[in-house]
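**Q** One file: start-v3.txt (compact mmCIF, C-alpha atoms and all ligand atoms).
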```
# COMPACT_ATOMS: atom_id res chain seq x y z
CA MET P 247 -28.96 23.41 -14.22
CA GLU P 248 -26.47 20.64 -13.33
CA PHE P 249 -22.95 21.26 -14.55
CA LEU P 250 -21.39 18.12 -13.16
CA ILE P 251 -21.70 15.06 -15.32
CA PRO P 252 -24.17 12.55 -13.79
CA SER P 253 -21.55 10.12 -12.48
CA ARG P 254 -19.95 12.93 -10.45
CA THR P 255 -22.98 14.50 -8.81
CA SER P 256 -23.03 12.32 -5.71
CA ARG P 257 -19.33 11.90 -4.96
CA PRO P 258 -18.64 11.88 -1.20
CA GLY P 259 -16.82 15.07 -0.24
CA ASP P 260 -14.49 13.75 2.42
CA ASP P 261 -12.47 10.63 2.99
CA PRO P 262 -13.96 8.76 5.98
CA ILE P 263 -10.54 8.00 7.51
CA PHE P 264 -9.42 11.63 7.32
CA ALA P 265 -12.77 12.68 8.84
CA LEU P 266 -12.33 10.26 11.78
CA ASN P 267 -8.79 11.47 12.31
CA ALA P 268 -10.00 15.08 12.40
CA ALA P 269 -12.66 14.20 15.00
CA ALA P 270 -10.08 12.40 17.17
CA ARG P 271 -7.66 15.33 16.98
CA ALA P 272 -10.38 17.84 17.86
CA ARG P 273 -11.27 15.91 21.03
CA ALA P 274 -7.61 15.50 21.98
CA ALA P 275 -7.09 19.27 21.46
CA ALA P 276 -10.00 19.90 23.83
CA GLY P 277 -8.07 18.07 26.54
CA GLU P 278 -9.53 14.56 26.45
CA SER P 279 -7.36 11.46 26.71
CA ILE P 280 -7.76 10.04 23.21
CA VAL P 281 -6.22 7.01 21.51
CA ASN P 282 -6.25 7.75 17.80
CA ALA P 283 -5.72 4.51 15.88
CA THR P 284 -6.91 5.92 12.56
CA VAL P 285 -3.77 7.57 11.16
CA GLY P 286 -1.93 5.69 8.42
CA ALA P 287 1.42 7.22 9.29
CA LEU P 288 4.03 6.17 11.81
CA LEU P 289 3.89 8.37 14.91
CA ASP P 290 6.35 8.21 17.77
CA ASP P 291 5.17 7.47 21.31
CA ASP P 292 4.54 11.21 21.85
CA GLY P 293 2.14 11.28 18.92
CA LYS P 294 4.53 13.18 16.63
CA LEU P 295 5.12 12.15 13.03
CA ALA P 296 8.26 10.02 12.94
CA VAL P 297 10.77 11.46 10.48
CA LEU P 298 14.12 10.09 9.32
CA GLY P 299 16.85 12.67 9.94
CA GLY P 300 19.00 11.48 7.04
CA VAL P 301 16.11 12.00 4.63
CA THR P 302 15.28 15.48 5.93
CA GLN P 303 18.92 16.51 5.62
CA THR P 304 19.22 15.13 2.09
CA LEU P 305 16.09 16.97 1.02
CA ARG P 306 17.54 20.21 2.37
CA GLU P 307 20.73 19.62 0.41
CA VAL P 308 19.00 19.30 -2.98
CA PRO P 309 20.43 22.14 -5.13
CA ALA P 310 17.86 24.90 -5.60
CA GLU P 311 17.98 24.68 -9.37
CA VAL P 312 17.32 20.91 -9.28
CA GLY P 313 14.29 21.29 -7.04
CA ALA P 314 12.94 24.20 -9.05
CA GLY P 315 13.32 22.55 -12.44
CA TYR P 316 10.95 20.12 -14.15
CA ALA P 317 11.83 16.47 -13.76
CA PRO P 318 11.75 14.41 -16.98
CA LEU P 319 8.20 13.31 -17.87
CA ALA P 320 8.84 9.62 -17.26
CA GLY P 321 10.91 10.38 -14.17
CA ASN P 322 14.47 11.01 -13.05
CA ALA P 323 16.47 8.25 -14.78
CA GLU P 324 18.89 7.74 -11.89
CA PHE P 325 16.00 7.55 -9.42
CA LEU P 326 14.26 4.94 -11.56
CA ARG P 327 17.44 2.89 -12.00
CA LEU P 328 17.88 2.81 -8.24
CA VAL P 329 14.24 1.95 -7.56
CA VAL P 330 14.53 -0.98 -9.97
CA ALA P 331 17.68 -2.08 -8.14
CA ASP P 332 15.89 -1.66 -4.81
CA LEU P 333 13.17 -4.04 -5.98
CA LEU P 334 15.11 -6.49 -8.13
CA GLY P 335 18.74 -6.18 -7.06
CA THR P 336 21.08 -7.69 -9.63
CA ARG P 337 18.58 -10.26 -10.91
CA PRO P 338 18.40 -10.51 -14.73
CA ALA P 339 14.83 -9.16 -14.51
CA ALA P 340 16.27 -5.77 -13.55
CA ALA P 341 17.39 -5.39 -17.18
CA MET P 342 13.88 -6.15 -18.42
CA THR P 343 11.95 -3.30 -16.89
CA ALA P 344 9.88 -0.37 -18.03
CA ALA P 345 9.59 2.20 -15.25
CA VAL P 346 8.12 5.63 -14.59
CA SER P 347 8.05 7.91 -11.57
CA THR P 348 4.67 8.53 -10.00
CA PRO P 349 3.26 10.68 -7.21
CA GLY P 350 3.54 8.00 -4.51
CA GLY P 351 2.37 4.43 -4.82
CA THR P 352 -1.10 5.86 -5.47
CA GLY P 353 0.09 7.27 -8.79
CA ALA P 354 1.52 3.89 -9.73
CA LEU P 355 -1.80 2.20 -9.00
CA ARG P 356 -3.61 4.81 -11.07
CA LEU P 357 -1.37 4.23 -14.08
CA ALA P 358 -1.81 0.47 -13.83
CA ILE P 359 -5.60 0.84 -13.91
CA ALA P 360 -5.47 3.20 -16.89
CA ASN P 361 -3.12 1.02 -18.95
CA PHE P 362 -3.94 -2.59 -18.15
CA LEU P 363 -7.76 -2.45 -17.96
CA GLU P 364 -10.36 -1.17 -20.42
CA PRO P 365 -12.88 1.41 -19.18
CA GLY P 366 -15.83 -0.40 -17.64
CA GLN P 367 -13.75 -3.42 -16.59
CA SER P 368 -12.94 -4.32 -13.01
CA LEU P 369 -9.69 -4.89 -11.20
CA LEU P 370 -9.44 -7.81 -8.80
CA THR P 371 -8.20 -7.61 -5.23
CA SER P 372 -8.77 -9.26 -1.85
CA SER P 373 -12.07 -8.77 0.01
CA PHE P 374 -10.30 -6.63 2.60
CA TYR P 375 -8.55 -3.86 0.72
CA TRP P 376 -7.26 -0.31 1.05
CA GLY P 377 -10.33 1.85 0.29
CA PRO P 378 -8.59 4.10 -2.28
CA TYR P 379 -8.25 1.07 -4.60
CA LYS P 380 -11.96 1.49 -5.25
CA THR P 381 -11.73 5.28 -5.43
CA LEU P 382 -8.96 4.97 -8.02
CA ALA P 383 -11.02 2.50 -10.03
CA ASP P 384 -14.18 4.64 -9.86
CA GLU P 385 -12.28 7.78 -10.76
CA SER P 386 -10.96 6.04 -13.90
CA ASP P 387 -14.39 4.66 -14.83
CA ARG P 388 -13.35 1.14 -13.93
CA SER P 389 -14.66 -0.91 -10.99
CA LEU P 390 -13.36 -3.30 -8.36
CA SER P 391 -14.12 -6.99 -7.70
CA THR P 392 -12.85 -9.10 -4.86
CA PHE P 393 -11.93 -12.64 -3.94
CA ARG P 394 -12.42 -13.91 -0.38
CA MET P 395 -9.22 -13.02 1.43
CA PHE P 396 -9.18 -15.63 4.19
CA ASP P 397 -10.18 -19.28 4.15
CA ALA P 398 -11.63 -21.17 7.13
CA LYS P 399 -8.14 -21.64 8.55
CA GLY P 400 -7.40 -17.91 8.35
CA ARG P 401 -4.94 -18.36 5.50
CA LEU P 402 -5.00 -16.60 2.14
CA ASP P 403 -7.88 -18.11 0.20
CA VAL P 404 -6.01 -19.03 -2.95
CA THR P 405 -8.87 -21.27 -4.08
CA ASP P 406 -11.23 -18.34 -4.16
CA PHE P 407 -8.56 -16.26 -5.87
CA ALA P 408 -8.40 -18.91 -8.62
CA ARG P 409 -12.18 -18.86 -8.98
CA ALA P 410 -12.32 -15.07 -9.18
CA LEU P 411 -9.37 -14.75 -11.56
CA HIS P 412 -10.90 -17.35 -13.85
CA GLY P 413 -14.17 -15.39 -13.77
CA GLN P 414 -12.41 -12.13 -14.66
CA LEU P 415 -10.73 -13.70 -17.66
CA GLU P 416 -13.94 -15.37 -18.82
CA GLY P 417 -16.00 -12.24 -18.30
CA GLN P 418 -13.73 -9.47 -19.57
CA GLY P 419 -10.91 -11.24 -21.40
CA ARG P 420 -8.18 -9.76 -19.21
CA ALA P 421 -7.40 -9.28 -15.54
CA LEU P 422 -5.62 -6.73 -13.40
CA VAL P 423 -4.83 -7.97 -9.89
CA PHE P 424 -3.77 -5.77 -6.98
CA LEU P 425 -1.92 -7.68 -4.25
CA ASN P 426 -0.75 -5.83 -1.15
CA SER P 427 1.84 -7.72 0.88
CA PRO P 428 3.79 -7.55 3.13
CA CYS P 429 1.79 -5.79 5.85
CA HIS P 430 -1.48 -5.65 3.97
CA ASN P 431 -3.59 -2.59 4.62
CA PRO P 432 -5.98 -2.97 6.45
CA THR P 433 -5.44 -6.48 7.85
CA GLY P 434 -1.70 -6.49 8.58
CA TYR P 435 -1.44 -9.86 6.87
CA SER P 436 1.77 -10.82 5.03
CA PHE P 437 1.57 -13.67 2.54
CA ASP P 438 4.03 -16.43 3.43
CA ALA P 439 6.24 -18.30 0.95
CA SER P 440 3.73 -21.07 0.42
CA GLU P 441 0.88 -18.62 -0.20
CA TRP P 442 3.00 -16.78 -2.77
CA SER P 443 3.87 -20.05 -4.41
CA ASP P 444 0.20 -21.05 -4.63
CA LEU P 445 -0.81 -17.64 -5.97
CA VAL P 446 1.87 -17.76 -8.62
CA GLY P 447 0.75 -21.27 -9.59
CA VAL P 448 -2.81 -20.03 -10.12
CA VAL P 449 -1.70 -17.07 -12.24
CA GLU P 450 0.60 -19.31 -14.25
CA SER P 451 -2.19 -21.69 -15.17
CA GLU P 452 -4.81 -18.95 -15.81
CA ALA P 453 -2.39 -16.87 -17.88
CA LYS P 454 -3.07 -19.12 -20.87
CA ARG P 455 -6.61 -17.73 -21.04
CA GLY P 456 -5.73 -14.07 -21.44
CA PRO P 457 -3.52 -11.22 -20.33
CA ILE P 458 -3.08 -11.00 -16.57
CA SER P 459 -1.35 -7.98 -15.08
CA LEU P 460 -0.25 -8.18 -11.47
CA VAL P 461 0.40 -5.12 -9.36
CA LEU P 462 2.43 -5.89 -6.28
CA ASP P 463 1.68 -3.03 -3.95
CA VAL P 464 4.81 -3.06 -1.82
CA ALA P 465 4.18 0.24 -0.03
CA TYR P 466 5.04 -1.38 3.34
CA ALA P 467 7.91 -3.56 2.13
CA ARG P 468 10.37 -2.20 4.70
CA TYR P 469 8.15 -3.05 7.66
CA GLY P 470 7.50 -6.74 7.02
CA ALA P 471 8.90 -9.52 9.17
CA SER P 472 10.59 -11.09 6.17
CA ASP P 473 12.50 -9.71 3.24
CA LEU P 474 10.70 -8.74 0.03
CA ALA P 475 13.00 -11.14 -1.81
CA THR P 476 10.78 -14.10 -0.81
CA CYS P 477 7.94 -12.72 -2.85
CA VAL P 478 10.02 -11.24 -5.67
CA ASP P 479 11.74 -14.52 -6.56
CA GLN P 480 8.46 -16.39 -6.63
CA VAL P 481 6.65 -13.80 -8.70
CA LEU P 482 9.45 -13.56 -11.24
CA ARG P 483 8.57 -17.13 -12.22
CA LEU P 484 5.72 -15.45 -14.10
CA SER P 485 8.01 -13.32 -16.19
CA GLY P 486 6.96 -13.58 -19.84
CA LYS P 487 3.64 -15.19 -18.88
CA ALA P 488 1.98 -12.36 -17.00
CA MET P 489 2.75 -8.66 -16.73
CA ILE P 490 4.51 -8.23 -13.38
CA THR P 491 4.45 -4.74 -11.97
CA PHE P 492 5.48 -3.17 -8.68
CA ALA P 493 3.91 -0.09 -7.11
CA TRP P 494 6.87 1.32 -5.22
CA SER P 495 6.48 4.16 -2.74
CA ALA P 496 8.80 6.45 -0.80
CA SER P 497 5.96 7.40 1.57
CA LYS P 498 6.44 4.73 4.24
CA THR P 499 9.93 3.62 3.17
CA PHE P 500 11.38 7.06 3.85
CA THR P 501 8.52 8.39 6.06
CA GLN P 502 7.92 11.09 3.46
CA TYR P 503 4.19 10.84 2.88
CA GLY P 504 3.92 14.42 1.63
CA LEU P 505 6.85 14.19 -0.77
CA ARG P 506 4.68 12.28 -3.25
CA VAL P 507 7.42 10.13 -4.75
CA GLY P 508 6.85 6.63 -6.07
CA ALA P 509 7.26 4.52 -9.18
CA LEU P 510 5.57 1.93 -11.32
CA VAL P 511 8.02 -0.75 -12.45
CA ALA P 512 6.92 -3.35 -14.99
CA VAL P 513 8.93 -6.48 -15.77
CA THR P 514 8.63 -7.93 -19.25
CA PRO P 515 11.35 -9.87 -21.09
CA ASP P 516 10.07 -9.02 -24.57
CA GLU P 517 11.90 -5.94 -25.79
CA ALA P 518 9.20 -4.67 -28.13
CA GLU P 519 6.53 -5.11 -25.49
CA ARG P 520 8.75 -3.36 -22.98
CA ARG P 521 9.05 -0.39 -25.31
CA ARG P 522 5.28 -0.24 -25.79
CA VAL P 523 4.71 -0.40 -22.04
CA GLN P 524 7.32 2.28 -21.39
CA ASN P 525 5.70 4.54 -24.01
CA ALA P 526 2.20 3.97 -22.70
CA LEU P 527 3.23 4.68 -19.10
CA SER P 528 5.22 7.78 -20.06
CA PHE P 529 2.26 9.04 -22.09
CA SER P 530 0.01 8.49 -19.06
CA CYS P 531 2.38 10.49 -16.86
CA ARG P 532 2.22 13.43 -19.26
CA GLY P 533 -1.53 13.11 -19.52
CA THR P 534 -2.17 12.85 -15.79
CA TRP P 535 0.29 14.87 -13.70
CA SER P 536 2.98 15.84 -16.21
CA ASN P 537 5.94 15.03 -13.98
CA VAL P 538 6.79 14.12 -10.40
CA ASN P 539 8.43 16.18 -7.62
CA SER P 540 11.94 16.87 -8.81
CA ALA P 541 13.59 17.56 -5.45
CA GLY P 542 11.99 14.45 -4.01
CA GLN P 543 13.25 12.15 -6.75
CA SER P 544 16.70 13.68 -6.55
CA ALA P 545 16.95 13.26 -2.76
CA ILE P 546 15.60 9.70 -2.75
CA ALA P 547 17.97 8.78 -5.59
CA ARG P 548 20.89 10.11 -3.57
CA ILE P 549 19.87 8.08 -0.52
CA LEU P 550 19.37 4.89 -2.53
CA GLY P 551 22.65 5.35 -4.39
CA ASP P 552 25.05 6.54 -1.68
CA ALA P 553 26.11 3.56 0.46
CA ASP P 554 26.90 5.60 3.59
CA LEU P 555 23.78 7.70 3.44
CA ARG P 556 21.68 4.68 2.74
CA ALA P 557 23.17 2.85 5.72
CA ARG P 558 22.41 5.85 7.92
CA VAL P 559 18.78 6.04 6.77
CA ASP P 560 18.37 2.26 7.05
CA GLY P 561 19.63 2.52 10.63
CA GLU P 562 17.18 5.32 11.44
CA ARG P 563 14.35 3.32 9.93
CA ALA P 564 15.37 0.25 11.93
CA VAL P 565 14.78 2.26 15.11
CA LEU P 566 11.26 3.13 13.95
CA LYS P 567 10.56 -0.43 12.88
CA ALA P 568 11.65 -1.64 16.30
CA LEU P 569 9.23 0.84 17.89
CA LEU P 570 6.42 -0.48 15.71
CA ASP P 571 7.42 -4.10 16.29
CA ARG P 572 7.19 -3.57 20.08
CA ARG P 573 3.61 -2.32 19.65
CA VAL P 574 2.84 -5.33 17.45
CA ALA P 575 4.31 -7.73 20.03
CA ARG P 576 2.31 -6.08 22.84
CA TRP P 577 -0.83 -6.24 20.71
CA ASN P 578 -0.32 -9.93 19.91
CA GLU P 579 0.31 -10.72 23.56
CA LEU P 580 -2.82 -8.93 24.83
CA ALA P 581 -5.27 -9.28 21.94
CA GLY P 582 -4.43 -12.96 21.53
CA ALA P 583 -5.00 -13.63 25.24
CA ALA P 584 -8.26 -11.64 25.17
CA GLY P 585 -9.59 -13.75 22.32
CA LEU P 586 -9.89 -10.99 19.72
CA ARG P 587 -10.19 -12.41 16.21
CA TYR P 588 -7.63 -10.92 13.83
CA PRO P 589 -5.38 -12.29 11.06
CA ARG P 590 -1.77 -13.36 11.52
CA TYR P 591 0.06 -10.15 12.32
CA ASP P 592 3.83 -10.10 12.41
CA GLY P 593 4.55 -6.49 11.53
CA GLY P 594 3.26 -3.43 9.75
CA PHE P 595 1.17 -0.36 10.27
CA PHE P 596 -2.29 -1.93 10.75
CA THR P 597 -4.22 -4.86 12.05
CA THR P 598 -7.91 -5.62 11.66
CA VAL P 599 -10.24 -7.09 14.27
CA PHE P 600 -13.09 -9.10 12.83
CA CYS P 601 -16.45 -8.22 14.33
CA ASP P 602 -20.09 -8.51 13.39
CA ASP P 603 -21.20 -4.94 14.06
CA PRO P 604 -18.17 -2.75 13.28
CA PHE P 605 -20.01 0.57 12.88
CA PRO P 606 -21.84 0.52 16.26
CA ALA P 607 -18.69 -0.91 17.88
CA ALA P 608 -16.60 1.98 16.51
CA LEU P 609 -19.12 4.46 17.92
CA ARG P 610 -18.95 2.78 21.34
CA LEU P 611 -15.17 3.05 21.17
CA GLN P 612 -15.39 6.74 20.28
CA GLU P 613 -17.53 7.36 23.37
CA ALA P 614 -14.66 5.88 25.38
CA GLY P 615 -12.13 8.09 23.56
CA LEU P 616 -10.73 5.49 21.13
CA PHE P 617 -10.80 5.96 17.38
CA VAL P 618 -10.48 3.07 14.93
CA VAL P 619 -11.77 2.72 11.38
CA PRO P 620 -14.91 0.59 10.92
CA GLN P 621 -15.39 -1.26 7.66
CA ALA P 622 -17.42 -4.23 6.45
CA GLY P 623 -16.98 -6.99 9.05
CA ALA P 624 -14.00 -5.46 10.82
CA LEU P 625 -12.34 -2.63 12.69
CA ARG P 626 -9.02 -1.34 11.34
CA VAL P 627 -6.57 -0.52 14.09
CA ALA P 628 -3.56 1.62 13.09
CA LEU P 629 -0.92 0.58 15.59
CA CYS P 630 1.48 2.82 13.69
CA SER P 631 -0.15 5.76 15.45
CA VAL P 632 -0.67 4.27 18.92
CA ALA P 633 1.93 4.51 21.69
CA GLU P 634 2.99 1.17 23.17
CA ARG P 635 1.71 2.29 26.58
CA ASP P 636 -1.81 2.75 25.09
CA VAL P 637 -2.03 -0.75 23.58
CA PRO P 638 -3.51 -2.31 26.80
CA ARG P 639 -6.25 0.35 26.93
CA LEU P 640 -6.95 -0.12 23.24
CA VAL P 641 -7.24 -3.90 23.47
CA ALA P 642 -9.45 -3.74 26.58
CA ALA P 643 -11.77 -1.21 24.95
CA ILE P 644 -12.07 -3.23 21.73
CA VAL P 645 -12.84 -6.35 23.73
CA GLY P 646 -15.59 -4.42 25.55
CA ALA P 647 -16.99 -2.74 22.44
CA THR P 648 -17.14 -5.88 20.32
CA ARG P 649 -18.75 -8.12 22.96
CA VAL P 650 -21.79 -5.96 23.79
C1 LIG Q 1 -1.98 -0.30 0.67
C2 LIG Q 1 -1.40 0.99 0.25
N1 LIG Q 1 -0.94 1.10 -0.99
C3 LIG Q 1 -0.41 2.22 -1.44
C4 LIG Q 1 -0.32 3.33 -0.63
C5 LIG Q 1 0.26 4.50 -1.31
O1 LIG Q 1 0.62 5.57 -0.61
P1 LIG Q 1 1.40 6.75 -1.32
O2 LIG Q 1 0.59 7.20 -2.47
O3 LIG Q 1 1.53 7.77 -0.26
O4 LIG Q 1 2.71 6.18 -1.75
C6 LIG Q 1 -0.82 3.29 0.68
C7 LIG Q 1 -0.81 4.45 1.56
O5 LIG Q 1 -1.42 4.53 2.58
C8 LIG Q 1 -1.36 2.08 1.13
O6 LIG Q 1 -1.84 1.94 2.36
```
Spit out the file's structure as structure tokens when you get a sec.
**A**
Amino acid sequence: MEFLIPSRTSRPGDDPIFALNAAARARAAAGESIVNATVGALLDDDGKLAVLGGVTQTLREVPAEVGAGYAPLAGNAEFLRLVVADLLGTRPAAAMTAAVSTPGGTGALRLAIANFLEPGQSLLTSSFYWGPYKTLADESDRSLSTFRMFDAKGRLDVTDFARALHGQLEGQGRALVFLNSPCHNPTGYSFDASEWSDLVGVVESEAKRGPISLVLDVAYARYGASDLATCVDQVLRLSGKAMITFAWSASKTFTQYGLRVGALVAVTPDEAERRRVQNALSFSCRGTWSNVNSAGQSAIARILGDADLRARVDGERAVLKALLDRRVARWNELAGAAGLRYPRYDGGFFTTVFCDDPFPAALRLQEAGLFVVPQAGALRVALCSVAERDVPRLVAAIVGATRV
């Protein structure tokens, strides 16, 4: 007798990236010299998780009764106010938001799928994407479609985005678009001002055909080469024409991956619509996880709201960003000279090397003690977890493994 419903009987049991990471760690523990470029968290050059002291201290200082109590269903109001300010500053749009707390950016993505797409419909994202986008869609009985991410010049393929968005609207009468920039996972690509402008232009013209909801996945916003403001100002041009939402996350911003604190912020100038969105999102919170980590929201709110504390944490993060930026610079210097094919990479946790046979190439790398994540047409390299001194070995091995 089968108790699982048919769609659940052949779910894969483990996440491929976590499985690769476990294999790399097991070999390192057995004494081998391993370069583990699979981990999606920032490690210092000794391989230890990088933590921000100001955040750890603030978490410890959360009063016991605050941490032990339930947070409000839609989220801690002060936390949400400060997240909105973090994203939108003092722009008028900040007064036009519906917002809820979520367990990380992942929770925000999950709510967007549940509320802006019908079951059976597909969300649209770039052809390279963070694998859990599809998991989240499948889990919610939705699916995922893609547009070609890069054109022949290696720039964002806005023409294909327009084609795909048009198709979504024609085929299902609405569209939900996930865009991950800056520091796109897995490619490391950050859309530049002209790419944002072109994207916004496409959405603006397609928005007449049906409701388009945009999710700006800004999980890596603090690690980009340029300020988030470039993208925010452009996207706000769509206010009132499309539903603009942000998936905000404390995971990378405050190097608190396990805290599970994030938010979904939607911008809509129409007050009645805003109320409906707020109600729908709050209802979803109650119906999915009830409420989000109370101590986490309280601590992050204190950091965002206290100028001195915030300056301290920003300073600590700047040190980590500089560490990552040095790895990126070393990578660009060596991988560029070696002729590896990878997208423009000016900061962030990952880069992706294009190659024709990624799965055999990844196995060859593993034999040489290097772990990267193979995926269709590419190898994802997590520089966030590779010491600067290991970048030359990593580049040389990838060159060897992809030219066999
Ligand atoms: C592209 C992208 N979006 C969102 C997230 C969300 O992470 P979290 O749920 O920890 O905030 C991640 C984490 O790896 C990510 O890579």
**Q** For P:Ala341, list every protein, DNA or RNA residue within 12 Å, evaluated using all atoms listed in the file, and leave out those in the same chain fewer than 5 positions away; present the list as a ChimeraX atom specification.
**A** /P:327,330-331,334-336,511-517,520
**Q** For ligand LIG 1 (chain Q), which residue out of P:Gly447, P:Gly504, P:Gly582, P:Pro262 is the nearest one, using only C-alpha atoms and all ligand atoms?
**A**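 Nearest to ligand LIG 1 (chain Q): P:Gly504.
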**Q** Considering only C-alpha atoms and all ligand atoms, can you say which of P:Val404, P:Leu422, P:Ala339, P:Ala354 comes closest to ligand LIG 1 (chain Q)?
**A** P:Ala354
**Q** For P:Gly623, list every protein, DNA or RNA residue within 7 Å, evaluated using all atoms listed in the file, and leave out those in the same chain fewer than 5 positions away; present the list as a compact mmCIF listing (two decimals) with C-alpha atoms, in the coordinates of the input.
**A**
```
# COMPACT_ATOMS: atom_id res chain seq x y z
CA PHE P 600 -13.09 -9.10 12.83
CA CYS P 601 -16.45 -8.22 14.33
CA ASP P 602 -20.09 -8.51 13.39
CA ASP P 603 -21.20 -4.94 14.06
CA PRO P 604 -18.17 -2.75 13.28
```
**Q** List as a CSV table (one decimal) with C-alpha atoms, in the frame of the given file: which residues have an atom within 9 Å of (-5.7, -7.1, -4.3), counting only C-alpha atoms?
**A**
```
chain,number,residue,atom,x,y,z
P,369,LEU,CA,-9.7,-4.9,-11.2
P,370,LEU,CA,-9.4,-7.8,-8.8
P,371,THR,CA,-8.2,-7.6,-5.2
P,372,SER,CA,-8.8,-9.3,-1.8
P,373,SER,CA,-12.1,-8.8,0.0
P,374,PHE,CA,-10.3,-6.6,2.6
P,375,TYR,CA,-8.6,-3.9,0.7
P,376,TRP,CA,-7.3,-0.3,1.0
P,379,TYR,CA,-8.2,1.1,-4.6
P,392,THR,CA,-12.8,-9.1,-4.9
P,393,PHE,CA,-11.9,-12.6,-3.9
P,395,MET,CA,-9.2,-13.0,1.4
P,423,VAL,CA,-4.8,-8.0,-9.9
P,424,PHE,CA,-3.8,-5.8,-7.0
P,425,LEU,CA,-1.9,-7.7,-4.2
P,426,ASN,CA,-0.8,-5.8,-1.2
P,461,VAL,CA,0.4,-5.1,-9.4
P,462,LEU,CA,2.4,-5.9,-6.3
P,463,ASP,CA,1.7,-3.0,-4.0
```
**Q** Quick check, in Å to one decimal: how far apart do atom CA of P:Leu445 and atom CA of P:Gly593 lie?
**A**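 Between atom CA of P:Leu445 and atom CA of P:Gly593 the gap is 21.4 Å.
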**Q** Residues near stretch 286-291 of chain P, anyone? I mean within 8 Å using all atoms listed in the file, not counting same-chain ones fewer than 3 positions away, as a PyMOL selection string.
**A** chain P and resi 294-296+498+501+503+569+595-596+628+630-634
**Q** One decimal, in Å: what's the spacing between atom CA of P:Leu586 and atom CA of P:Leu640?
**A**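 Distance reported for this atom pair: 11.8 Å.
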**Q** Taking into account all atoms listed in the file, which residue in the set P:Phe325, P:Phe492, P:Tyr591, P:Phe437 is nearest to ligand LIG 1 (chain Q)?
**A**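 Of the candidates, the smallest distance to ligand LIG 1 (chain Q) is held by P:Phe492.
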**Q** Per residue of chain P within 7 Å of ligand LIG 1 (chain Q), what are the shortest atom pair and its distance in Å to one decimal, counting only C-alpha atoms and all ligand atoms, with rows by chain and residue number, as JSON lines?
**A**
```
{"residue": "P:Gly286", "atom": "CA", "partner": "Q:LIG1", "partner_atom": "O5", "distance": 6.0}
{"residue": "P:Pro349", "atom": "CA", "partner": "Q:LIG1", "partner_atom": "O2", "distance": 6.5}
{"residue": "P:Gly350", "atom": "CA", "partner": "Q:LIG1", "partner_atom": "O4", "distance": 3.4}
{"residue": "P:Gly351", "atom": "CA", "partner": "Q:LIG1", "partner_atom": "O4", "distance": 3.6}
{"residue": "P:Thr352", "atom": "CA", "partner": "Q:LIG1", "partner_atom": "O2", "distance": 3.7}
{"residue": "P:Gly353", "atom": "CA", "partner": "Q:LIG1", "partner_atom": "O2", "distance": 6.3}
{"residue": "P:Trp376", "atom": "CA", "partner": "Q:LIG1", "partner_atom": "C1", "distance": 5.3}
{"residue": "P:Asn426", "atom": "CA", "partner": "Q:LIG1", "partner_atom": "C1", "distance": 6.0}
{"residue": "P:His430", "atom": "CA", "partner": "Q:LIG1", "partner_atom": "C1", "distance": 6.3}
{"residue": "P:Asn431", "atom": "CA", "partner": "Q:LIG1", "partner_atom": "C1", "distance": 4.8}
{"residue": "P:Asp463", "atom": "CA", "partner": "Q:LIG1", "partner_atom": "N1", "distance": 5.7}
{"residue": "P:Ala465", "atom": "CA", "partner": "Q:LIG1", "partner_atom": "C3", "distance": 5.2}
{"residue": "P:Ser495", "atom": "CA", "partner": "Q:LIG1", "partner_atom": "O4", "distance": 4.4}
{"residue": "P:Ala496", "atom": "CA", "partner": "Q:LIG1", "partner_atom": "O4", "distance": 6.2}
{"residue": "P:Ser497", "atom": "CA", "partner": "Q:LIG1", "partner_atom": "O4", "distance": 4.8}
{"residue": "P:Tyr503", "atom": "CA", "partner": "Q:LIG1", "partner_atom": "O3", "distance": 5.1}
{"residue": "P:Arg506", "atom": "CA", "partner": "Q:LIG1", "partner_atom": "O3", "distance": 6.3}
{"residue": "P:Val507", "atom": "CA", "partner": "Q:LIG1", "partner_atom": "O4", "distance": 6.8}
{"residue": "P:Gly508", "atom": "CA", "partner": "Q:LIG1", "partner_atom": "O4", "distance": 6.0}
```
**Q** What's the separation between atom CA of P:Ala643 and atom CA of P:Glu579, in Å to one decimal place?
**A** 15.4 Å
**Q** Counting only C-alpha atoms, which residue out of P:Ala317, P:Ala471, P:Val308, P:Ile251 sits closest to P:Arg532?
**A**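 The shortest atom-to-atom distance to P:Arg532 comes from P:Ala317.
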**Q** Which one of P:Lys454, P:Arg563, P:Arg587, P:Arg626 sits closest to P:Val645 if you count all atoms listed in the file?
**A**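 Going through P:Lys454, P:Arg563, P:Arg587, P:Arg626 one by one, the smallest distance to P:Val645 is for P:Arg587.
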**Q** Return the single residue from P:Arg356, P:Lys567, P:Arg306, P:Arg455 that is closest to P:Ser530, with distances computed using all atoms listed in the file.
**A**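 Using all atoms listed in the file, the shortest distance to P:Ser530 belongs to P:Arg356.
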**Q** Once you count only C-alpha atoms, which residues end up no further than 9 Å from (-9.0, -19.5, -16.7) in the file's frame, shown as a ChimeraX atom specification?
**A** /P:408-409,411-416,449,451-456
**Q** If we count all atoms listed in the file, what is near P:Ala383 at a cut-off of 9 Å, once residues fewer than 4 positions away on the same chain are taken out, given as a ChimeraX atom specification?
**A** /P:356,359-360,368-369,378-379,387-390
**Q** Just C-alpha atoms for this one: save the residues we selected as a tab-separated table (two decimals), keeping the file's coordinate frame.
**A**
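Output below, filename selection-v5.tsv:
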```tsv
chain	number	residue	atom	x	y	z
P	356	ARG	CA	-3.61	4.81	-11.07
P	359	ILE	CA	-5.60	0.84	-13.91
P	360	ALA	CA	-5.47	3.20	-16.89
P	368	SER	CA	-12.94	-4.32	-13.01
P	369	LEU	CA	-9.69	-4.89	-11.20
P	378	PRO	CA	-8.59	4.10	-2.28
P	379	TYR	CA	-8.25	1.07	-4.60
P	387	ASP	CA	-14.39	4.66	-14.83
P	388	ARG	CA	-13.35	1.14	-13.93
P	389	SER	CA	-14.66	-0.91	-10.99
P	390	LEU	CA	-13.36	-3.30	-8.36
```
